[in-house]
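Enquirer: Hey, dropping work15.cif in here, mmCIF, C-alpha atoms:
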```
data_entry
#
loop_
_atom_site.label_atom_id
_atom_site.label_comp_id
_atom_site.auth_asym_id
_atom_site.auth_seq_id
_atom_site.Cartn_x
_atom_site.Cartn_y
_atom_site.Cartn_z
CA MET N 125 -32.70 20.58 8.34
CA ASP N 126 -31.16 17.64 10.17
CA PRO N 127 -32.59 16.88 13.61
CA PRO N 128 -30.18 17.42 16.51
CA PRO N 129 -27.87 14.39 16.87
CA THR N 130 -28.82 12.00 19.64
CA LEU N 131 -25.24 10.76 19.94
CA PRO N 132 -22.16 12.81 20.88
CA GLN N 133 -20.22 14.06 17.86
CA GLU N 134 -17.09 12.29 19.13
CA LEU N 135 -18.90 8.94 18.97
CA LEU N 136 -20.26 9.69 15.50
CA ASN N 137 -16.71 10.49 14.37
CA GLU N 138 -15.50 7.13 15.67
CA VAL N 139 -18.25 5.33 13.77
CA VAL N 140 -17.27 7.10 10.55
CA ASP N 141 -13.56 6.44 11.15
CA ASP N 142 -14.28 2.71 11.37
CA LEU N 143 -15.48 2.94 7.75
CA ARG N 144 -12.28 4.55 6.45
CA SER N 145 -11.50 1.56 4.21
CA GLU N 146 -15.02 1.52 2.72
CA PRO N 147 -15.36 4.54 0.40
CA GLU N 148 -18.88 3.69 -0.77
CA ALA N 149 -20.14 3.60 2.82
CA LEU N 150 -18.39 6.91 3.51
CA LYS N 151 -20.14 8.49 0.52
CA HIS N 152 -23.51 7.38 1.90
CA CYS N 153 -22.60 8.82 5.30
CA ALA N 154 -21.67 12.15 3.74
CA LEU N 155 -25.10 12.34 2.08
CA ALA N 156 -27.06 11.05 5.06
CA SER N 157 -26.44 13.81 7.58
CA ARG N 158 -24.53 17.04 8.09
CA CYS N 159 -23.31 15.56 11.36
CA LEU N 160 -21.43 12.94 9.34
CA LEU N 161 -20.47 15.07 6.35
CA GLU N 162 -17.18 16.63 7.47
CA ARG N 163 -15.76 13.45 9.02
CA SER N 164 -16.76 11.40 5.98
CA GLN N 165 -15.02 13.85 3.66
CA GLN N 166 -11.90 13.83 5.84
CA ASN N 167 -11.67 10.06 5.46
CA LEU N 168 -12.55 10.05 1.76
CA PHE N 169 -9.86 12.60 0.90
CA PHE N 170 -7.23 11.48 3.42
CA ALA N 171 -5.24 9.53 0.80
CA ILE N 172 -5.20 10.46 -2.90
CA HIS N 173 -3.51 8.66 -5.80
CA ILE N 174 -2.93 10.51 -9.09
CA SER N 175 -1.91 8.37 -12.06
CA SER N 176 -3.38 10.04 -15.17
CA ALA N 177 -4.10 13.45 -16.67
CA THR N 178 -7.84 12.76 -16.47
CA HIS N 179 -7.59 11.91 -12.80
CA SER N 180 -5.48 15.00 -12.18
CA LEU N 181 -8.01 17.29 -13.87
CA ARG N 182 -10.94 15.80 -11.94
CA ILE N 183 -9.20 16.28 -8.62
CA LEU N 184 -8.31 19.88 -9.49
CA ASN N 185 -11.95 20.64 -10.37
CA VAL N 186 -13.17 19.14 -7.08
CA LEU N 187 -10.60 21.00 -4.97
CA THR N 188 -11.25 24.27 -6.79
CA SER N 189 -15.01 24.02 -6.23
CA LYS N 190 -14.55 23.28 -2.51
CA ARG N 191 -11.15 24.40 -1.29
CA ILE N 192 -11.60 22.99 2.23
CA LEU N 193 -11.25 19.47 0.78
CA SER N 194 -7.58 20.12 0.01
CA HIS N 195 -7.00 20.53 3.76
CA TYR N 196 -8.14 16.94 4.33
CA ILE N 197 -5.53 15.39 2.03
CA ARG N 198 -2.72 14.01 4.17
CA ASP N 199 -1.26 11.29 1.95
CA LEU N 200 -0.51 11.80 -1.75
CA CYS N 201 0.89 9.23 -4.20
CA ILE N 202 1.77 10.31 -7.74
CA THR N 203 2.60 7.64 -10.32
CA ILE N 204 4.57 9.37 -13.08
CA ASP N 205 4.28 8.25 -16.69
CA GLU N 206 5.59 10.49 -19.47
CA GLU N 207 2.51 9.71 -21.55
CA TRP N 208 0.31 11.72 -19.18
CA CYS N 209 2.61 13.84 -17.05
CA LEU N 210 4.19 15.75 -19.94
CA ARG N 211 0.82 16.93 -21.22
CA ASP N 212 -0.77 17.49 -17.81
CA SER N 213 -1.32 21.08 -16.67
CA SER N 214 -3.37 20.43 -13.52
CA LEU N 215 -0.83 18.80 -11.23
CA PRO N 216 1.19 21.94 -10.31
CA SER N 217 -2.03 23.70 -9.24
CA ILE N 218 -3.08 20.71 -7.13
CA LEU N 219 0.30 20.55 -5.41
CA SER N 220 0.13 24.23 -4.48
CA MET N 221 -3.12 23.62 -2.56
CA LEU N 222 -1.89 20.78 -0.33
CA THR N 223 -0.66 22.87 2.58
CA PHE N 224 -1.61 20.18 5.13
CA LEU N 225 -0.04 17.22 3.31
CA GLU N 226 2.03 14.92 5.55
CA SER N 227 3.17 12.08 3.28
CA LEU N 228 4.30 12.26 -0.36
CA THR N 229 5.18 9.35 -2.65
CA ILE N 230 6.58 9.98 -6.14
CA LYS N 231 6.72 6.81 -8.25
CA GLY N 232 7.88 6.12 -11.76
CA GLN N 233 5.52 3.83 -13.67
CA THR N 234 8.65 1.95 -14.67
CA CYS N 235 12.14 3.35 -14.15
CA ALA N 236 11.45 6.93 -15.20
CA LEU N 237 13.88 9.76 -15.92
CA TRP N 238 13.29 12.73 -13.63
CA ASN N 239 14.35 15.48 -16.05
CA LYS N 240 12.72 13.80 -19.06
CA ASP N 241 9.40 12.59 -17.68
CA ILE N 242 8.57 15.40 -15.22
CA PRO N 243 7.91 18.87 -16.69
CA ARG N 244 9.90 21.70 -15.14
CA GLU N 245 6.78 23.38 -13.72
CA THR N 246 5.72 20.14 -12.02
CA ALA N 247 9.24 19.49 -10.70
CA ASP N 248 9.37 23.00 -9.20
CA ALA N 249 5.94 22.47 -7.62
CA LEU N 250 7.15 19.21 -6.06
CA MET N 251 10.17 21.01 -4.60
CA ARG N 252 7.93 23.67 -3.06
CA LEU N 253 5.55 21.01 -1.72
CA VAL N 254 8.33 19.07 0.01
CA ALA N 255 9.39 22.32 1.69
CA PHE N 256 5.96 22.69 3.33
CA PRO N 257 6.26 22.35 7.15
CA SER N 258 3.54 19.67 7.24
CA ILE N 259 5.49 17.15 5.12
CA ARG N 260 6.98 14.45 7.36
CA SER N 261 7.31 11.45 5.05
CA LEU N 262 8.82 11.29 1.56
CA ALA N 263 9.21 8.31 -0.77
CA ILE N 264 10.82 8.33 -4.23
CA CYS N 265 10.52 5.10 -6.22
CA ASN N 266 11.74 3.93 -9.63
CA PHE N 267 13.51 7.07 -10.79
CA TYR N 268 16.77 7.68 -12.58
CA ASP N 269 18.54 11.00 -12.05
CA ALA N 270 16.61 12.49 -9.14
CA PRO N 271 18.25 15.91 -8.61
CA LEU N 272 20.51 16.41 -5.62
CA ASP N 273 18.78 19.76 -5.06
CA PHE N 274 15.70 17.81 -3.99
CA PHE N 275 17.60 16.73 -0.87
CA SER N 276 18.94 20.21 -0.16
CA ILE N 277 15.62 21.49 1.16
CA PRO N 278 16.15 22.50 4.81
CA LYS N 279 13.66 20.31 6.65
CA HIS N 280 13.48 17.28 8.96
CA LEU N 281 11.58 14.16 7.91
CA LYS N 282 10.33 11.31 10.03
CA SER N 283 10.95 8.92 7.14
CA LEU N 284 12.63 8.92 3.73
CA GLU N 285 12.34 5.99 1.30
CA LEU N 286 14.63 5.65 -1.71
CA ASN N 287 13.45 2.69 -3.76
CA THR N 288 15.53 2.03 -6.88
CA VAL N 289 16.61 5.65 -7.24
CA THR N 290 19.71 7.29 -8.68
CA VAL N 291 20.77 10.78 -7.60
CA VAL N 292 22.65 13.24 -9.82
CA ASN N 293 24.10 16.72 -9.48
CA PHE N 294 21.73 18.48 -11.89
CA PRO N 295 21.79 21.24 -12.87
CA ARG N 296 25.54 20.72 -12.75
CA SER N 297 27.29 22.76 -10.08
CA ASP N 298 31.01 22.81 -9.38
CA VAL N 299 30.33 23.63 -5.73
CA ILE N 300 27.83 21.31 -4.09
CA ALA N 301 26.16 22.70 -0.98
CA ILE N 302 25.61 20.46 2.02
CA PRO N 303 22.06 19.04 1.80
CA HIS N 304 20.18 20.30 4.85
CA MET N 305 17.41 17.70 4.73
CA SER N 306 17.51 15.16 7.57
CA THR N 307 15.47 12.08 8.46
CA ASP N 308 14.88 9.83 11.45
CA CYS N 309 14.18 6.74 9.34
CA LEU N 310 15.86 5.87 6.04
CA GLU N 311 14.58 3.01 3.87
CA LEU N 312 16.81 1.85 1.03
CA LEU N 313 16.07 -0.57 -1.76
CA LEU N 314 19.19 -0.78 -3.90
CA PHE N 315 20.14 -3.15 -6.72
CA SER N 316 23.65 -3.46 -8.11
CA SER N 317 22.28 -2.73 -11.60
CA PHE N 318 21.21 0.72 -10.36
CA PRO N 319 24.30 2.50 -9.00
CA PRO N 320 22.56 5.09 -6.80
CA MET N 321 25.06 7.95 -7.09
CA ASP N 322 28.66 8.77 -7.83
CA GLU N 323 31.28 9.04 -5.10
CA GLU N 324 31.16 12.85 -5.08
CA ILE N 325 27.44 12.97 -4.30
CA LEU N 326 27.71 10.12 -1.80
CA ALA N 327 30.43 12.01 0.06
CA VAL N 328 28.26 15.14 0.17
CA LEU N 329 25.22 13.27 1.52
CA MET N 330 27.37 11.79 4.28
CA ARG N 331 28.98 14.95 5.54
CA PRO N 332 28.26 15.89 9.17
CA ASN N 333 24.69 17.23 9.46
CA ALA N 334 23.81 15.97 5.96
CA ILE N 335 20.94 13.58 5.32
CA PHE N 336 22.79 10.23 5.50
CA SER N 337 24.66 11.13 8.70
CA GLN N 338 21.68 11.61 11.04
CA VAL N 339 19.69 8.42 10.50
CA LYS N 340 18.23 6.75 13.60
CA VAL N 341 16.42 3.85 11.92
CA LEU N 342 17.96 2.25 8.83
CA ARG N 343 15.99 -0.32 6.81
CA ALA N 344 17.63 -1.95 3.80
CA TYR N 345 15.79 -4.22 1.34
CA TYR N 346 17.23 -6.54 -1.32
CA VAL N 347 20.60 -4.83 -1.19
CA GLY N 348 22.57 -5.82 -4.28
CA SER N 349 25.46 -3.39 -3.75
CA THR N 350 26.25 -3.03 -0.07
CA ARG N 351 28.89 -0.32 -0.41
CA TYR N 352 26.33 2.47 0.00
CA LEU N 353 24.63 0.68 2.88
CA PHE N 354 27.87 0.29 4.82
CA LYS N 355 28.92 3.87 4.22
CA THR N 356 25.53 5.04 5.47
CA MET N 357 26.00 2.95 8.62
CA GLN N 358 29.40 4.49 9.18
CA ALA N 359 28.19 8.04 8.52
CA SER N 360 25.27 7.65 10.96
CA LYS N 361 27.08 5.52 13.53
CA LEU N 362 26.56 8.02 16.35
CA ALA N 363 22.82 8.37 15.64
CA LEU N 364 21.74 4.84 14.65
CA GLU N 365 19.35 3.10 17.04
CA ILE N 366 17.85 0.36 14.84
CA ILE N 367 19.21 -1.44 11.76
CA GLU N 368 16.95 -3.79 9.79
CA LEU N 369 18.40 -5.93 7.00
CA HIS N 370 15.63 -7.49 4.91
CA HIS N 371 16.36 -10.47 2.66
CA ILE N 372 20.01 -10.59 3.66
CA SER N 373 20.55 -13.85 1.79
CA SER N 374 20.06 -12.07 -1.55
CA HIS N 375 23.27 -10.10 -1.20
CA VAL N 376 25.20 -12.70 0.77
CA ALA N 377 24.84 -14.98 -2.24
CA ASP N 378 26.60 -12.33 -4.31
CA GLY N 379 29.65 -12.36 -2.06
CA GLU N 380 28.70 -9.19 -0.23
CA GLN N 381 29.12 -10.64 3.28
CA GLU N 382 32.67 -9.27 3.38
CA GLY N 383 31.35 -5.72 3.69
CA LEU N 384 29.43 -6.51 6.88
CA SER N 385 32.63 -7.80 8.45
CA THR N 386 34.15 -4.31 8.20
CA ILE N 387 31.43 -2.62 10.26
CA ASP N 388 32.45 -1.95 13.85
CA PHE N 389 29.13 -2.20 15.66
CA SER N 390 30.84 -1.26 18.91
CA SER N 391 31.31 2.25 17.45
CA MET N 392 27.51 2.75 17.48
CA PRO N 393 26.79 3.77 21.09
CA ASN N 394 23.03 4.19 20.59
CA LEU N 395 22.39 1.03 18.56
CA LYS N 396 19.65 -0.89 20.37
CA CYS N 397 18.60 -3.48 17.81
CA LEU N 398 20.03 -5.28 14.77
CA ALA N 399 17.30 -7.19 12.93
CA PHE N 400 17.58 -9.75 10.13
CA CYS N 401 14.24 -10.20 8.35
CA CYS N 402 13.17 -12.85 5.87
CA ALA N 403 9.79 -12.89 4.10
CA ILE N 404 8.63 -16.32 2.97
CA ASN N 405 6.05 -16.85 0.23
CA PRO N 406 5.90 -20.59 -0.49
CA THR N 407 4.11 -21.97 -3.51
CA SER N 408 4.64 -25.63 -2.69
CA GLY N 409 6.32 -27.68 -0.03
CA PHE N 410 8.34 -26.23 2.81
CA PRO N 411 10.71 -23.35 1.87
CA TRP N 412 13.47 -24.36 4.25
CA PRO N 413 16.40 -23.50 1.86
CA GLU N 414 15.77 -19.73 2.04
CA CYS N 415 15.31 -19.91 5.81
CA THR N 416 18.54 -21.81 6.32
CA ALA N 417 20.34 -19.31 4.06
CA VAL N 418 19.37 -16.50 6.44
CA LEU N 419 20.62 -18.39 9.49
CA ALA N 420 23.84 -19.32 7.69
CA SER N 421 24.42 -15.68 6.74
CA ILE N 422 24.00 -14.53 10.33
CA ARG N 423 26.25 -17.33 11.57
CA ASP N 424 28.98 -16.33 9.10
CA LEU N 425 28.64 -12.68 10.07
CA ILE N 426 29.07 -13.46 13.76
CA SER N 427 32.08 -15.64 12.98
CA VAL N 428 33.97 -12.87 11.16
CA ASN N 429 32.64 -9.89 13.11
CA PRO N 430 32.11 -10.56 16.83
CA THR N 431 31.27 -6.86 17.41
CA VAL N 432 27.75 -7.84 16.29
CA LEU N 433 27.26 -9.52 19.65
CA GLY N 434 27.79 -6.20 21.43
CA VAL N 435 24.43 -4.98 20.10
CA LYS N 436 21.84 -4.93 22.89
CA LYS N 437 19.25 -6.89 20.93
CA ILE N 438 19.52 -9.11 17.84
CA GLN N 439 16.31 -10.11 16.09
CA ILE N 440 15.78 -12.85 13.52
CA ILE N 441 12.33 -12.44 12.01
CA PHE N 442 10.63 -14.90 9.66
CA THR N 443 7.41 -13.63 8.08
CA ALA N 444 5.09 -16.15 6.45
CA TYR N 445 2.64 -14.37 4.15
CA ARG N 446 0.90 -17.50 2.91
CA PRO N 447 0.00 -20.82 4.48
CA LEU N 448 1.84 -23.91 3.35
CA VAL N 449 0.12 -25.70 0.50
CA GLY N 450 -2.18 -28.34 1.90
CA CYS N 451 -1.38 -27.36 5.50
CA ASN N 452 -2.83 -25.19 8.22
CA ASN N 453 -1.13 -21.97 9.29
CA GLU N 454 0.05 -23.63 12.49
CA LYS N 455 2.34 -25.85 10.39
CA TRP N 456 4.78 -22.94 10.34
CA ILE N 457 5.76 -23.60 13.94
CA GLU N 458 7.55 -26.75 12.75
CA LEU N 459 10.11 -24.53 11.02
CA PRO N 460 12.94 -25.48 13.44
CA ALA N 461 12.45 -29.18 12.73
CA PHE N 462 13.29 -28.60 9.06
CA MET N 463 16.37 -26.54 9.83
CA GLY N 464 18.03 -28.42 12.66
CA GLU N 465 21.69 -28.12 11.66
CA SER N 466 21.40 -24.43 10.78
CA TRP N 467 19.97 -23.59 14.19
CA GLU N 468 22.63 -25.61 15.97
CA THR N 469 25.57 -24.06 14.11
CA LEU N 470 24.16 -20.59 14.81
CA ASP N 471 23.86 -21.53 18.47
CA GLN N 472 27.52 -22.58 18.52
CA ALA N 473 28.64 -19.41 16.70
CA LEU N 474 26.81 -17.26 19.25
CA ASN N 475 28.44 -19.09 22.13
CA HIS N 476 31.91 -18.95 20.57
CA GLY N 477 31.57 -15.27 19.68
CA ARG N 478 30.57 -14.28 23.19
CA GLY N 479 33.36 -16.30 24.75
CA SER N 480 33.59 -15.72 28.50
CA THR N 481 31.93 -12.30 28.41
CA ASN N 482 29.17 -11.65 30.91
CA LEU N 483 27.59 -8.83 28.92
CA PRO N 484 23.78 -9.03 28.66
CA PHE N 485 22.68 -10.80 25.51
CA HIS N 486 19.22 -10.77 23.94
CA LEU N 487 18.27 -12.81 20.87
CA ASP N 488 14.69 -12.56 19.60
CA MET N 489 13.51 -15.40 17.36
CA VAL N 490 10.26 -14.16 15.84
CA LEU N 491 7.82 -15.96 13.56
CA ARG N 492 5.04 -13.85 12.02
CA ILE N 493 2.17 -15.64 10.31
CA LYS N 494 -0.44 -13.93 8.17
CA GLY N 495 -3.98 -14.96 9.02
CA LEU N 496 -3.13 -16.69 12.29
CA SER N 497 -5.97 -16.25 14.76
CA GLY N 498 -5.37 -15.11 18.31
CA GLU N 499 -6.56 -18.46 19.64
CA ASP N 500 -4.21 -20.41 17.37
CA ARG N 501 -1.36 -18.12 18.33
CA ASP N 502 -1.90 -18.80 22.03
CA ILE N 503 -1.74 -22.53 21.35
CA ALA N 504 1.20 -22.42 18.95
CA ALA N 505 3.45 -19.91 20.76
CA PRO N 506 4.67 -22.32 23.49
CA ILE N 507 5.37 -24.97 20.84
CA TRP N 508 7.42 -22.50 18.78
CA LYS N 509 9.41 -21.53 21.87
CA SER N 510 10.02 -25.14 22.83
CA LEU N 511 11.17 -26.16 19.35
CA VAL N 512 13.59 -23.23 18.98
CA SER N 513 14.97 -23.72 22.48
CA SER N 514 15.62 -27.40 21.80
CA ARG N 515 17.63 -26.47 18.68
CA MET N 516 19.61 -23.74 20.45
CA PRO N 517 20.34 -25.23 23.89
CA ILE N 518 23.45 -23.14 24.65
CA THR N 519 21.80 -19.78 23.98
CA SER N 520 18.65 -20.94 25.74
CA ALA N 521 20.61 -21.94 28.85
CA SER N 522 22.19 -18.47 29.01
CA GLU N 523 18.67 -16.99 29.31
CA GLY N 524 19.40 -14.79 26.31
CA LEU N 525 16.96 -16.53 23.97
CA HIS N 526 13.48 -15.06 23.56
CA CYS N 527 10.91 -16.59 21.21
CA ARG N 528 7.79 -14.86 19.95
CA LEU N 529 4.95 -15.79 17.63
CA ASP N 530 2.99 -12.92 16.05
CA HIS N 531 0.14 -12.65 13.58
CA LEU N 532 -0.12 -10.12 10.75
#
```
Using the file provided, produce a representation of the structure as structure tokens.
Expert:
Amino acid sequence: MDPPPTLPQELLNEVVDDLRSEPEALKHCALASRCLLERSQQNLFFAIHISSATHSLRILNVLTSKRILSHYIRDLCITIDEEWCLRDSSLPSILSMLTFLESLTIKGQTCALWNKDIPRETADALMRLVAFPSIRSLAICNFYDAPLDFFSIPKHLKSLELNTVTVVNFPRSDVIAIPHMSTDCLELLLFSSFPPMDEEILAVLMRPNAIFSQVKVLRAYYVGSTRYLFKTMQASKLALEIIELHHISSHVADGEQEGLSTIDFSSMPNLKCLAFCCAINPTSGFPWPECTAVLASIRDLISVNPTVLGVKKIQIIFTAYRPLVGCNNEKWIELPAFMGESWETLDQALNHGRGSTNLPFHLDMVLRIKGLSGEDRDIAAPIWKSLVSSRMPITSASEGLHCRLDHL
């Protein structure tokens, strides 16, 4: 029998929680003391990834032998491959046990076909799982022909991610019911080579009270065909609070800027922030061309659509995931020096677009650097602010310019 713990259980739990990313240490804790057993198991089984029939069978055997472990699973990722999923018989039983699951990710190993690569019993089990009250986050990635019925489940999600997904009306129905699923946050990754849905389905998803009409936070990544993005903005215009456009230059280069000019941002009364985000992964030299492309895109947007400037806050976020070759991380703060003309033309476009208006204006210029220490950030932040301000004197003088340096 274990001796009585000399430390409060709450403190022991915190110690175990600090080891959540170290499964081997958690296993030792689970064996060391009954005081650590339950918390260790909660962390070990918090997130589960199933990617093979063997893995699926092992998990089923563990959960069957000790049912309480299924209550600890909060995050489930399933990577679907027809080679294992079609012959697997364990997955439906596992899914039926996860009554406390909060987050579900369904991924195709490549671009899978829903009705071909997922057995009917498994597909039905997934539908029942999503309907569980505990589910708050759903992600579907790399799937052709996800059934519209999947989005007809009456429930509210905190977040929904559709990453390279097409949606079809299957089984075919002449009368399509309004999907009752709703979400606070919608993340879209759409390529033009993957038309997400036909016009009939798109219209259904954007009806009042349907899933695309109640979005508060919209994040779009690598958008190749902006038609669906713009229609989602329009459908959710009364609910939208935050719009994030990631890698905007990728679709501007394809002549998609015209679509943004048609959006009336003044018709979005609750819109608090419009963010343009650019991730930078240099392999050599300074990647100023992709940075200048982002600034040029925003400048062009403001020039053709001044309603953008009615948004309470505009953010331009550069994220540097790697240090420059042969340079320290702090070298990133010299970004404005390599992009002088782009900053200046953006500054002029902002001033021209605002005209004589006295409406409050807030522009965040954010640089995020992976691996930057807190000490280096404190030293570099004033330099970043000074360099940006010197390149955007008009906006800086209006006191609408705010510069921030963050670390990842």
Enquirer: So which residues get picked by the PyMOL selection byres ((chain N and resi 366) around 12) here, written as an NGL selection string?
Expert: :N and (308-311 or 339-344 or 357 or 360-365 or 367-369 or 389 or 392-400 or 435-439)
Enquirer: Which value, in Å to one decimal, gives the distance between atom CA of Val139 of chain N and atom CA of Ala171 of chain N?
Expert: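 It comes out at 18.8 Å.
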Enquirer: What would the selection look like, as a tab-separated table (two decimals) with C-alpha atoms, keeping the file's coordinate frame, if the PyMOL selection byres ((chain N and resi 471) around 9) were run on the coordinates I just shared?
Expert:
```
chain	number	residue	atom	x	y	z
N	423	ARG	CA	26.25	-17.33	11.57
N	466	SER	CA	21.40	-24.43	10.78
N	467	TRP	CA	19.97	-23.59	14.19
N	468	GLU	CA	22.63	-25.61	15.97
N	469	THR	CA	25.57	-24.06	14.11
N	470	LEU	CA	24.16	-20.59	14.81
N	472	GLN	CA	27.52	-22.58	18.52
N	473	ALA	CA	28.64	-19.41	16.70
N	474	LEU	CA	26.81	-17.26	19.25
N	475	ASN	CA	28.44	-19.09	22.13
N	476	HIS	CA	31.91	-18.95	20.57
N	515	ARG	CA	17.63	-26.47	18.68
N	516	MET	CA	19.61	-23.74	20.45
N	517	PRO	CA	20.34	-25.23	23.89
N	518	ILE	CA	23.45	-23.14	24.65
N	519	THR	CA	21.80	-19.78	23.98
N	520	SER	CA	18.65	-20.94	25.74
```
Enquirer: Hey, can you check how far atom CA of Cys401 of chain N sits from atom CA of His370 of chain N?
Expert: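 Going from atom CA of Cys401 of chain N over to atom CA of His370 of chain N covers 4.6 Å.
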Enquirer: Can you tell me how far atom CA of Glu323 of chain N sits from atom CA of Tyr352 of chain N, in Å to one decimal?
Expert: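 Between these atoms lies a distance of 9.7 Å.
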Enquirer: Name every residue that the PyMOL selection byres ((chain N and resi 429) around 8) selects in this structure, writing the answer as a list in words with chains first and numbers rising.
Expert: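 For this structure, the PyMOL selection byres ((chain N and resi 429) around 8) captures Leu384, Ser385, Thr386, Ile387, Asp388, Leu425, Ile426, Ser427, Val428, Pro430, Thr431 and Val432 of chain N.
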Enquirer: Here is a test: counting all atoms listed in the file, which residue of N:Ala149, N:Leu222, N:Ile325, N:Cys265 is nearest to Leu312 of chain N?
Expert: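 Using all atoms listed in the file, the shortest distance to Leu312 of chain N belongs to N:Cys265.
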Enquirer: Need to verify the contact set: Ile242 of chain N, 10 Å, all atoms listed in the file, exclusion of same-chain residues closer than 2 positions in sequence. Can you return it as a list in words?
Expert: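 Answer for this query is Ile204, Asp205, Glu206, Trp208, Cys209, Leu210, Arg211, Asp212, Gly232, Ala236, Leu237, Trp238, Asn239, Lys240, Arg244, Glu245, Thr246, Ala247 and Asp248 of chain N.
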Enquirer: From the list N:Phe275, N:Tyr345, N:Phe485, N:Phe354, which residue is nearest Leu329 of chain N when using all atoms listed in the file?
Expert: N:Phe275
Enquirer: With distances taken over all atoms listed in the file, which residue among N:Gly495, N:Arg528, N:Ile230, N:Val328 lies nearest Thr288 of chain N?
Expert: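 When distances to Thr288 of chain N are compared using all atoms listed in the file, the smallest one comes from N:Ile230.
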Enquirer: Give, as JSON, the centre coordinates and the x, y and z edge lengths in Å to one decimal for an axis-aligned box around all listed atoms of segment 176-186 of chain N, padded by 6 Å on each side.
Expert:
```
{"center_x": -8.3, "center_y": 15.3, "center_z": -11.9, "size_x": 21.8, "size_y": 22.6, "size_z": 21.6}
```
Enquirer: Near segment 219-221 of chain N, within 9 Å and counting only C-alpha atoms, which residues show up once chain neighbours fewer than 6 positions away are dropped, as a list in words?
Expert: Leu187, Arg191, Ser194, His195, Thr246, Ala249, Leu250, Arg252 and Leu253 of chain N
Enquirer: Using only C-alpha atoms, which of the listed residues (N:Lys494, N:Leu136, N:Ile335, N:Tyr346) sits closest to Asn287 of chain N?
Expert: N:Tyr346
